[in-house]
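Raw contents of model.cif, mmCIF, C-alpha atoms and all ligand atoms:
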```cif
data_entry
#
loop_
_atom_site.label_atom_id
_atom_site.label_comp_id
_atom_site.auth_asym_id
_atom_site.auth_seq_id
_atom_site.Cartn_x
_atom_site.Cartn_y
_atom_site.Cartn_z
CA MET A 1 6.95 -13.18 -14.36
CA ALA A 2 5.20 -14.61 -11.35
CA THR A 3 1.60 -15.64 -11.54
CA CYS A 4 -0.96 -15.40 -8.84
CA SER A 5 -4.33 -16.83 -9.67
CA THR A 6 -5.42 -20.40 -10.06
CA SER A 7 -7.83 -21.27 -12.83
CA PRO A 8 -10.52 -23.88 -12.35
CA ILE A 9 -9.57 -26.60 -14.82
CA GLU A 10 -6.09 -27.94 -15.15
CA ALA A 11 -4.83 -28.95 -18.57
CA ARG A 12 -3.84 -32.60 -18.83
CA PRO A 13 -0.25 -33.38 -19.71
CA ARG A 14 -0.26 -35.43 -22.94
CA ILE A 15 2.82 -37.19 -21.87
CA GLN A 16 4.14 -37.74 -18.41
CA PRO A 17 7.64 -36.66 -19.24
CA GLN A 18 10.24 -37.07 -16.64
CA GLN A 19 10.95 -33.56 -15.47
CA PRO A 20 14.54 -32.71 -16.20
CA PRO A 21 16.68 -32.78 -13.05
CA GLU A 22 18.57 -29.58 -12.36
CA GLY A 23 21.37 -29.03 -14.84
CA SER A 24 20.16 -31.56 -17.41
CA LEU A 25 17.86 -31.79 -20.42
CA VAL A 26 14.90 -33.94 -21.48
CA GLU A 27 13.96 -34.24 -25.17
CA VAL A 28 10.20 -33.54 -25.42
CA ALA A 29 9.92 -33.69 -29.23
CA ASP A 30 12.33 -34.33 -32.06
CA GLY A 31 15.24 -31.93 -31.53
CA ILE A 32 13.42 -29.94 -28.80
CA PHE A 33 14.96 -30.12 -25.33
CA TRP A 34 13.55 -29.00 -21.99
CA ALA A 35 15.49 -27.59 -19.00
CA ARG A 36 14.14 -26.12 -15.77
CA MET A 37 15.68 -23.19 -13.94
CA PRO A 38 14.95 -22.25 -10.30
CA LEU A 39 12.89 -19.26 -9.15
CA PRO A 40 12.87 -17.75 -5.65
CA PHE A 41 9.05 -17.50 -5.51
CA ALA A 42 6.11 -19.77 -4.71
CA LEU A 43 6.32 -20.52 -8.41
CA ASP A 44 9.61 -22.35 -8.09
CA HIS A 45 10.80 -22.92 -11.65
CA VAL A 46 10.77 -21.64 -15.20
CA ASN A 47 11.02 -23.90 -18.25
CA VAL A 48 13.44 -23.04 -21.03
CA TRP A 49 13.74 -24.77 -24.41
CA LEU A 50 16.74 -25.62 -26.55
CA LEU A 51 16.15 -26.41 -30.23
CA ARG A 52 18.83 -28.23 -32.24
CA ASP A 53 19.74 -25.79 -34.99
CA GLY A 54 22.57 -26.60 -37.40
CA GLU A 55 25.86 -26.60 -35.56
CA GLY A 56 24.40 -25.35 -32.30
CA PHE A 57 21.20 -24.66 -30.39
CA THR A 58 18.57 -21.95 -30.47
CA LEU A 59 17.61 -21.17 -26.87
CA ILE A 60 14.17 -19.90 -25.88
CA ASP A 61 14.36 -17.84 -22.63
CA THR A 62 17.18 -17.71 -20.09
CA GLY A 63 16.01 -18.04 -16.48
CA MET A 64 16.67 -15.45 -13.82
CA ALA A 65 19.93 -13.59 -13.26
CA ASP A 66 21.33 -15.29 -10.19
CA ALA A 67 24.39 -17.38 -9.35
CA ARG A 68 22.46 -20.65 -9.09
CA THR A 69 20.98 -20.30 -12.58
CA ARG A 70 24.35 -19.37 -14.07
CA GLY A 71 25.88 -22.43 -12.40
CA LEU A 72 23.20 -24.72 -13.85
CA TRP A 73 23.78 -23.27 -17.30
CA GLU A 74 27.51 -23.92 -17.01
CA ARG A 75 26.75 -27.57 -16.17
CA ILE A 76 24.46 -27.84 -19.19
CA PHE A 77 27.07 -26.29 -21.49
CA ALA A 78 29.75 -28.68 -20.18
CA GLU A 79 27.72 -31.89 -20.03
CA GLN A 80 24.57 -31.73 -22.13
CA LEU A 81 25.18 -29.98 -25.47
CA GLY A 82 27.81 -32.26 -26.99
CA GLY A 83 30.22 -29.36 -27.10
CA LEU A 84 27.92 -27.31 -29.35
CA PRO A 85 27.30 -23.61 -28.65
CA ILE A 86 24.17 -21.53 -28.21
CA THR A 87 23.88 -19.81 -31.59
CA ARG A 88 20.65 -17.85 -31.13
CA LEU A 89 18.64 -16.58 -28.13
CA ILE A 90 14.94 -15.79 -28.46
CA CYS A 91 13.15 -14.25 -25.46
CA THR A 92 9.39 -14.64 -25.27
CA HIS A 93 9.01 -11.51 -23.11
CA HIS A 94 10.82 -9.11 -20.85
CA HIS A 95 10.06 -10.61 -17.42
CA PRO A 96 13.17 -11.51 -15.39
CA ASP A 97 12.79 -15.28 -15.57
CA HIS A 98 12.71 -15.06 -19.38
CA MET A 99 15.11 -12.24 -20.24
CA GLY A 100 17.16 -11.97 -17.03
CA LEU A 101 20.39 -13.43 -18.41
CA SER A 102 20.21 -12.05 -21.96
CA SER A 103 23.32 -9.89 -21.59
CA TRP A 104 25.17 -12.81 -19.96
CA PHE A 105 24.38 -15.03 -22.97
CA HIS A 106 25.51 -12.23 -25.26
CA ALA A 107 28.85 -12.04 -23.45
CA ARG A 108 29.19 -15.85 -23.22
CA PHE A 109 28.29 -16.80 -26.81
CA GLY A 110 28.08 -13.53 -28.76
CA VAL A 111 24.35 -14.06 -29.37
CA ARG A 112 22.31 -10.88 -29.65
CA MET A 113 18.88 -11.33 -28.06
CA THR A 114 15.98 -11.77 -30.50
CA THR A 115 12.59 -10.47 -29.35
CA THR A 116 9.89 -7.93 -30.22
CA ILE A 117 10.37 -4.17 -30.03
CA GLY A 118 7.68 -4.01 -27.31
CA GLU A 119 9.45 -6.52 -25.08
CA TRP A 120 12.94 -5.13 -25.59
CA THR A 121 11.71 -1.59 -24.89
CA HIS A 122 9.88 -2.56 -21.73
CA GLY A 123 12.86 -4.58 -20.51
CA ARG A 124 15.28 -1.79 -21.22
CA LEU A 125 13.06 0.84 -19.55
CA GLY A 126 12.45 -1.43 -16.57
CA TRP A 127 16.20 -1.79 -16.16
CA LEU A 128 16.78 1.97 -16.38
CA GLU A 129 13.99 3.05 -14.00
CA SER A 130 15.74 3.65 -10.72
CA GLY A 131 15.26 7.30 -9.90
CA GLU A 132 13.23 8.99 -7.21
CA ASP A 133 10.71 10.11 -9.81
CA PHE A 134 9.86 6.45 -10.42
CA LEU A 135 9.29 5.81 -6.71
CA ALA A 136 7.23 8.99 -6.27
CA HIS A 137 5.11 8.07 -9.27
CA ALA A 138 4.58 4.50 -8.03
CA SER A 139 3.61 5.88 -4.62
CA ASP A 140 0.96 8.18 -6.19
CA HIS A 141 -0.37 5.20 -8.14
CA PHE A 142 -0.85 3.13 -4.96
CA VAL A 143 -2.46 6.05 -3.12
CA ARG A 144 -4.95 6.63 -5.96
CA PHE A 145 -5.72 2.91 -5.82
CA GLY A 146 -6.60 3.32 -2.15
CA LEU A 147 -3.65 1.73 -0.34
CA ARG A 148 -2.99 3.30 3.05
CA ASP A 149 -0.85 2.62 6.12
CA GLU A 150 1.08 -0.69 6.22
CA PRO A 151 0.05 -2.03 2.78
CA LEU A 152 1.07 1.29 1.23
CA ARG A 153 4.41 1.16 3.02
CA LEU A 154 4.99 -2.44 1.90
CA ALA A 155 4.16 -1.71 -1.73
CA ILE A 156 6.42 1.35 -1.90
CA ALA A 157 9.24 -0.55 -0.18
CA GLU A 158 9.30 -3.01 -3.09
CA GLY A 159 10.77 -0.22 -5.23
CA ASN A 160 11.53 -1.26 -8.79
CA ASN A 161 10.85 -4.96 -8.34
CA TYR A 162 11.91 -5.74 -11.90
CA ARG A 163 15.51 -4.63 -11.45
CA LYS A 164 16.17 -7.07 -8.61
CA TYR A 165 16.26 -10.15 -10.79
CA ILE A 166 17.90 -9.17 -14.05
CA ASP A 167 21.27 -8.34 -15.49
CA PRO A 168 21.31 -5.13 -17.54
CA ILE A 169 19.04 -5.52 -20.55
CA PRO A 170 21.24 -5.36 -23.67
CA LEU A 171 21.55 -2.08 -25.54
CA ASP A 172 20.73 -3.79 -28.84
CA PHE A 173 18.59 -6.66 -30.03
CA VAL A 174 17.26 -8.43 -33.15
CA ARG A 175 13.65 -7.58 -33.85
CA ILE A 176 10.94 -10.12 -34.68
CA GLY A 177 7.25 -9.42 -35.07
CA ASP A 178 3.90 -11.08 -35.60
CA GLY A 179 3.78 -13.14 -38.80
CA ASP A 180 7.55 -13.57 -39.13
CA ARG A 181 8.79 -17.02 -40.07
CA LEU A 182 12.02 -18.37 -38.58
CA SER A 183 13.94 -21.38 -39.82
CA ILE A 184 15.16 -23.36 -36.81
CA GLY A 185 16.68 -26.80 -37.23
CA GLY A 186 15.34 -27.05 -40.79
CA ARG A 187 11.74 -26.41 -39.73
CA GLU A 188 9.64 -23.29 -40.08
CA TRP A 189 8.50 -21.64 -36.85
CA ARG A 190 5.90 -18.88 -37.00
CA VAL A 191 6.08 -15.90 -34.69
CA LEU A 192 2.78 -15.02 -33.00
CA THR A 193 2.64 -12.01 -30.69
CA PHE A 194 0.11 -11.25 -28.00
CA SER A 195 -0.69 -8.68 -25.32
CA GLY A 196 -2.29 -9.33 -21.95
CA HIS A 197 0.54 -10.73 -19.87
CA SER A 198 3.16 -8.45 -21.42
CA PRO A 199 2.97 -5.91 -24.24
CA GLU A 200 4.20 -7.94 -27.23
CA HIS A 201 4.74 -11.47 -25.97
CA VAL A 202 6.21 -14.00 -28.42
CA CYS A 203 4.80 -17.48 -28.96
CA LEU A 204 6.47 -19.78 -31.51
CA TRP A 205 4.31 -22.14 -33.51
CA CYS A 206 5.70 -24.98 -35.64
CA PRO A 207 2.92 -26.61 -37.70
CA GLU A 208 5.28 -29.29 -39.03
CA ALA A 209 6.20 -30.49 -35.53
CA ASP A 210 2.76 -29.57 -34.13
CA VAL A 211 4.44 -27.76 -31.24
CA LEU A 212 3.61 -24.40 -29.64
CA ILE A 213 6.21 -22.73 -27.44
CA ALA A 214 3.76 -20.74 -25.37
CA GLY A 215 5.88 -18.72 -22.95
CA ASP A 216 3.59 -17.37 -20.21
CA GLN A 217 0.69 -16.68 -22.59
CA VAL A 218 -1.02 -20.01 -21.82
CA LEU A 219 -0.09 -22.00 -18.74
CA PRO A 220 -1.50 -25.41 -17.76
CA ARG A 221 -2.32 -24.90 -14.08
CA ILE A 222 -2.39 -21.20 -13.27
CA SER A 223 -3.42 -18.06 -15.08
CA PRO A 224 -0.60 -15.79 -16.18
CA THR A 225 -0.63 -12.46 -14.37
CA ILE A 226 -2.77 -10.01 -16.29
CA GLY A 227 -1.80 -6.75 -14.63
CA VAL A 228 -2.09 -2.97 -14.88
CA TRP A 229 1.12 -1.27 -13.78
CA SER A 230 1.88 2.28 -12.72
CA ASN A 231 3.28 3.28 -16.14
CA GLU A 232 -0.07 2.71 -17.89
CA PRO A 233 -2.84 3.02 -15.28
CA GLU A 234 -5.70 3.12 -17.80
CA ALA A 235 -4.58 0.04 -19.77
CA ASN A 236 -6.96 -2.82 -20.52
CA PRO A 237 -4.65 -5.87 -20.75
CA LEU A 238 -7.47 -8.30 -19.99
CA GLY A 239 -9.17 -7.29 -23.25
CA GLY A 240 -5.90 -8.12 -25.03
CA PHE A 241 -5.61 -11.42 -23.18
CA PHE A 242 -9.12 -12.52 -24.16
CA ALA A 243 -8.31 -11.69 -27.80
CA SER A 244 -5.11 -13.74 -27.57
CA LEU A 245 -7.03 -16.76 -26.27
CA ASP A 246 -9.49 -16.50 -29.18
CA ARG A 247 -6.58 -16.54 -31.62
CA LEU A 248 -4.71 -19.36 -29.89
CA MET A 249 -7.85 -21.47 -30.05
CA THR A 250 -7.60 -21.46 -33.85
CA LEU A 251 -4.31 -23.41 -33.72
CA SER A 252 -4.14 -27.20 -33.78
CA ASP A 253 -5.83 -28.66 -30.72
CA ALA A 254 -3.50 -31.67 -30.95
CA ALA A 255 -0.44 -29.46 -30.62
CA LEU A 256 2.04 -30.17 -27.89
CA VAL A 257 2.11 -26.96 -25.84
CA LEU A 258 5.38 -26.10 -24.12
CA PRO A 259 4.61 -23.59 -21.35
CA SER A 260 7.10 -21.62 -19.27
CA HIS A 261 5.73 -22.99 -16.01
CA GLY A 262 4.30 -26.45 -15.32
CA LEU A 263 4.28 -29.49 -17.60
CA PRO A 264 3.95 -29.77 -21.39
CA PHE A 265 0.33 -30.46 -22.30
CA THR A 266 -2.20 -30.92 -25.08
CA GLY A 267 -5.76 -29.64 -25.27
CA LEU A 268 -5.04 -26.01 -26.11
CA ARG A 269 -8.66 -25.13 -26.82
CA GLN A 270 -9.94 -26.55 -23.56
CA ARG A 271 -7.20 -24.74 -21.68
CA CYS A 272 -8.06 -21.41 -23.34
CA GLU A 273 -11.72 -21.95 -22.47
CA ALA A 274 -10.80 -22.65 -18.85
CA LEU A 275 -8.72 -19.47 -18.66
CA LYS A 276 -11.63 -17.45 -20.06
CA ALA A 277 -14.01 -19.03 -17.55
CA HIS A 278 -11.59 -18.21 -14.73
CA HIS A 279 -11.43 -14.53 -15.68
CA ASP A 280 -15.19 -14.36 -16.26
CA GLU A 281 -15.61 -15.58 -12.69
CA ARG A 282 -13.12 -13.02 -11.39
CA LEU A 283 -14.90 -10.27 -13.35
CA LYS A 284 -18.21 -11.23 -11.79
CA HIS A 285 -16.64 -11.13 -8.35
CA THR A 286 -15.06 -7.75 -9.14
CA LEU A 287 -18.40 -6.35 -10.33
CA ASP A 288 -20.17 -7.63 -7.21
CA SER A 289 -17.52 -5.86 -5.12
CA CYS A 290 -18.33 -2.47 -6.65
CA GLY A 291 -21.91 -2.28 -5.33
CA ASP A 292 -21.13 0.76 -3.24
CA PRO A 293 -18.53 3.17 -4.45
CA SER A 294 -15.35 1.31 -3.64
CA SER A 295 -11.68 2.05 -3.96
CA GLY A 296 -9.41 -0.35 -5.81
CA ALA A 297 -8.02 -1.44 -2.44
CA ASP A 298 -11.56 -2.25 -1.19
CA VAL A 299 -12.10 -4.47 -4.23
CA MET A 300 -8.67 -6.06 -3.86
CA GLU A 301 -9.43 -7.06 -0.26
CA ARG A 302 -12.47 -8.98 -1.51
CA LEU A 303 -10.61 -10.61 -4.41
CA PHE A 304 -7.52 -11.46 -2.35
CA PRO A 305 -8.82 -11.97 1.22
CA ARG A 306 -5.51 -12.81 2.83
CA THR A 307 -2.45 -11.06 4.20
CA LEU A 308 -0.18 -10.19 1.32
CA SER A 309 3.58 -9.74 1.30
CA GLY A 310 4.98 -6.65 -0.44
CA HIS A 311 5.77 -8.70 -3.55
CA ASP A 312 2.30 -10.32 -3.65
CA LEU A 313 0.71 -6.94 -3.03
CA LEU A 314 2.20 -5.52 -6.24
CA PHE A 315 0.63 -8.34 -8.23
CA ALA A 316 -2.71 -8.16 -6.40
CA VAL A 317 -2.98 -4.40 -7.13
CA ALA A 318 -2.09 -5.02 -10.80
CA GLU A 319 -4.59 -7.90 -11.18
CA THR A 320 -7.41 -6.02 -9.45
CA LEU A 321 -6.87 -3.00 -11.70
CA SER A 322 -6.89 -5.16 -14.86
CA HIS A 323 -10.33 -6.47 -13.95
CA LEU A 324 -11.63 -3.00 -12.98
CA ASN A 325 -10.30 -1.46 -16.20
CA TYR A 326 -11.86 -4.22 -18.30
CA LEU A 327 -15.25 -3.60 -16.64
CA ILE A 328 -14.89 0.14 -17.31
CA ALA A 329 -14.06 -0.54 -20.98
CA GLU A 330 -17.12 -2.80 -21.23
CA GLY A 331 -19.35 -0.14 -19.66
CA CYS A 332 -20.25 -2.26 -16.61
CA ILE A 333 -18.81 0.06 -13.97
CA GLU A 334 -17.85 3.73 -13.83
CA TYR A 335 -15.74 6.09 -11.78
CA SER A 336 -17.69 7.69 -8.95
CA ALA A 337 -14.69 9.75 -7.94
CA CYS A 338 -11.54 10.31 -9.90
CA GLU A 339 -9.21 12.62 -8.07
CA LYS A 340 -5.48 12.64 -7.60
CA GLN A 341 -5.68 11.02 -4.17
CA ASN A 342 -8.79 8.98 -4.55
CA ILE A 343 -10.36 6.83 -7.28
CA LYS A 344 -13.63 5.05 -6.56
CA TYR A 345 -15.68 2.72 -8.69
CA LYS A 346 -19.38 1.88 -8.75
CA ALA A 347 -21.49 -0.51 -10.78
CA LYS A 348 -23.61 1.11 -13.49
ZN ZN A 401 5.93 -13.47 -17.53
#
```
How does the structure come out when it is put into structure tokens?
Ligand SMILES: [Zn+2]
Amino acid sequence: MATCSTSPIEARPRIQPQQPPEGSLVEVADGIFWARMPLPFALDHVNVWLLRDGEGFTLIDTGMADARTRGLWERIFAEQLGGLPITRLICTHHHPDHMGLSSWFHARFGVRMTTTIGEWTHGRLGWLESGEDFLAHASDHFVRFGLRDEPLRLAIAEGNNYRKYIDPIPLDFVRIGDGDRLSIGGREWRVLTFSGHSPEHVCLWCPEADVLIAGDQVLPRISPTIGVWSNEPEANPLGGFFASLDRLMTLSDAALVLPSHGLPFTGLRQRCEALKAHHDERLKHTLDSCGDPSSGADVMERLFPRTLSGHDLLFAVAETLSHLNYLIAEGCIEYSACEKQNIKYKAK
């Protein structure tokens, strides 16, 4: 969902579209409409896309589950869709600003959410995790990382952050997977799936329209969060993210990219290169921070040298671990201690 690092080169918007005012739509390509929904973070909005599709609209992503977003949707339904319904909902991934209202749309229009098995499963599990075992496990994770005292207290107090911003994730869904082809509005859209930001993130690519609906996989101004979370502490999502950028760079460079945050842009290849350069820089900084055996928290303090709120702390821990785990996978650093209460890293 939220993103926390800024990459060095911003992608240029191809067009300077007028951003849609709250509760209205802007057509960014033939039959493709853009709406923005509010977020209660530094990142203050999420883009959602409505594609004309027969006697209705296919919607890509929902916004977060709060009263303001529901109210904006009701205005759009009443004033912007010419009386036509939402006939299909595709969610790019399970984060709250993308999947948060999926059960509300199901109740409102009878549309069963379409997404990948990886995203539905993670969303459903994230919704269900509320027990004390989850909190105890998360606490152990932060302790092993090296958090102590106030930062540890702040991180634990966040609890299951995911649950705060979503309605219940639906009990059923329609599965799509990499390589599938969907007919939307008479055009073929190809399903591409990627890891890195989330386990099986959906991008939709329409060669005929030369449009990529990118979700959070590629953003124009910031890097999507590439994080290691307590449920998979040895994961290497950054390796998956680099692989996704290599694949995205093989698509049309003239494509209009529709990201979930920021403005539509072109120059996909340049943007992927900039994101790689950003993470290469962060990796170098991470490696330099492991000169002496260091805990994850020691490294995090060097990568994020500022006071962090509980929410920001969760993302800083996750981002630091993704860079440490990548360096371990590449053989650049190793564990110098690996005990239940204490993991330390050192450069090889
Ligand atoms: Zn996300």
Sorted by chain and rising residue number, list the residues of chain A at most 9 Å from ligand ZN 401 (chain A) (counting all atoms listed in the file), each with its closest atom pair and distance in Å to one decimal, as a Markdown table.
```
| residue | atom | partner | partner_atom | distance |
| --- | --- | --- | --- | --- |
| A:Met1 | CA | A:ZN401 | ZN | 3.3 |
| A:Ala2 | CA | A:ZN401 | ZN | 6.3 |
| A:Thr3 | CA | A:ZN401 | ZN | 7.7 |
| A:Thr92 | CA | A:ZN401 | ZN | 8.6 |
| A:His93 | CA | A:ZN401 | ZN | 6.7 |
| A:His94 | CA | A:ZN401 | ZN | 7.3 |
| A:His95 | CA | A:ZN401 | ZN | 5.0 |
| A:Pro96 | CA | A:ZN401 | ZN | 7.8 |
| A:Asp97 | CA | A:ZN401 | ZN | 7.4 |
| A:His98 | CA | A:ZN401 | ZN | 7.2 |
| A:His197 | CA | A:ZN401 | ZN | 6.5 |
| A:Ser198 | CA | A:ZN401 | ZN | 6.9 |
| A:His201 | CA | A:ZN401 | ZN | 8.8 |
| A:Gly215 | CA | A:ZN401 | ZN | 7.5 |
| A:Asp216 | CA | A:ZN401 | ZN | 5.3 |
| A:Gln217 | CA | A:ZN401 | ZN | 8.0 |
| A:Pro224 | CA | A:ZN401 | ZN | 7.1 |
| A:Thr225 | CA | A:ZN401 | ZN | 7.4 |
| A:Ser260 | CA | A:ZN401 | ZN | 8.4 |
```
Is it possible to get the axis-aligned box enclosing region 61-73 of chain A (all listed atoms, 5 Å extra per side) as lines of an AutoDock Vina configuration file, with centre and edge lengths in Å rounded to one decimal?
```
center_x = 20.1
center_y = -19.2
center_z = -15.9
size_x = 21.5
size_y = 21.1
size_z = 23.5
```
Legend entry - Selected residue of minimal separation from Ala214 (chain A) among A:Leu171, A:Leu314, A:Val191, A:Ala329, counting all atoms listed in the file: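 Of the candidates, the smallest distance to Ala214 (chain A) is held by A:Val191.
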Legend entry - Coordinates-based distance that separates CA of Gly131 (chain A) from CA of Leu238 (chain A) (Å, one decimal): 29.4 Å
Inset, instruction - Within 12 Å of Ala255 (chain A), counting all atoms listed in the file, which residues show up once you throw out same-chain ones fewer than 2 positions away? Write them as a PyMOL selection string, please. - result: chain A and resi 13-14+29+204-214+248-253+257-258+264-269
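Near Ser195 (chain A), within 8 Å and counting all atoms listed in the file, sit Thr193, His197, Ser198, Pro199, Glu200, His201, Pro237, Gly240, Phe241 and Ser244 of chain A; same-chain residues fewer than 2 positions away were not included.
Here CA of Ser230 (chain A) is placed at a distance of 24.5 Å from CA of Leu39 (chain A).
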Legend entry - Given only C-alpha atoms as the counted atoms, nearest of A:Leu256, A:Ala65, A:Ala297, A:Leu89 to Asn342 (chain A): A:Ala297
Inset, instruction - Please write as an NGL selection string the list of polymer residues whose atoms come within 8 Å of (11.0, -5.9, -20.4), counting only C-alpha atoms and keeping to the coordinates of the file. - result: :A and (93-96 or 99 or 118-127)
Inset, instruction - Work out how far CA of Gly262 (chain A) is from CA of Val228 (chain A), in Å to one decimal. - result: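 These two atoms are separated by 24.3 Å.
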Legend entry - For Arg148 (chain A): contacts at 12 Å, only C-alpha atoms, fewer than 6 positions along chain excluded, given as a list of chain:residue names: A:Ser139, A:Asp140, A:His141, A:Phe142, A:Leu154, A:Ala155, A:Ile156, A:Ser295, A:Gly296, A:Ala297, A:Asp298, A:Gln341, A:Asn342
Inset, instruction - Quick one: everything within 12 Å of Pro21 (chain A), counting all atoms listed in the file, minus sequence neighbours fewer than 2 positions away in the same chain. Send it as a list in words. - result: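 Final neighbour list, sorted by chain and number: Pro17, Gln18, Gln19, Gly23, Ser24, Leu25, Val26, Trp34, Ala35, Arg36, Met37, Pro38, His45, Asn47, Leu72, Arg75 and Ile76 of chain A.
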Could you write out that same residue set with C-alpha atoms as a PDB file, in the frame of the given file?
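The new file result-v2.pdb reads:
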```pdb
ATOM      1  CA  PRO A  17       7.640 -36.660 -19.240  1.00  0.00           C
ATOM      2  CA  GLN A  18      10.240 -37.070 -16.640  1.00  0.00           C
ATOM      3  CA  GLN A  19      10.950 -33.560 -15.470  1.00  0.00           C
ATOM      4  CA  GLY A  23      21.370 -29.030 -14.840  1.00  0.00           C
ATOM      5  CA  SER A  24      20.160 -31.560 -17.410  1.00  0.00           C
ATOM      6  CA  LEU A  25      17.860 -31.790 -20.420  1.00  0.00           C
ATOM      7  CA  VAL A  26      14.900 -33.940 -21.480  1.00  0.00           C
ATOM      8  CA  TRP A  34      13.550 -29.000 -21.990  1.00  0.00           C
ATOM      9  CA  ALA A  35      15.490 -27.590 -19.000  1.00  0.00           C
ATOM     10  CA  ARG A  36      14.140 -26.120 -15.770  1.00  0.00           C
ATOM     11  CA  MET A  37      15.680 -23.190 -13.940  1.00  0.00           C
ATOM     12  CA  PRO A  38      14.950 -22.250 -10.300  1.00  0.00           C
ATOM     13  CA  HIS A  45      10.800 -22.920 -11.650  1.00  0.00           C
ATOM     14  CA  ASN A  47      11.020 -23.900 -18.250  1.00  0.00           C
ATOM     15  CA  LEU A  72      23.200 -24.720 -13.850  1.00  0.00           C
ATOM     16  CA  ARG A  75      26.750 -27.570 -16.170  1.00  0.00           C
ATOM     17  CA  ILE A  76      24.460 -27.840 -19.190  1.00  0.00           C
TER      18      ILE A  76
END
```
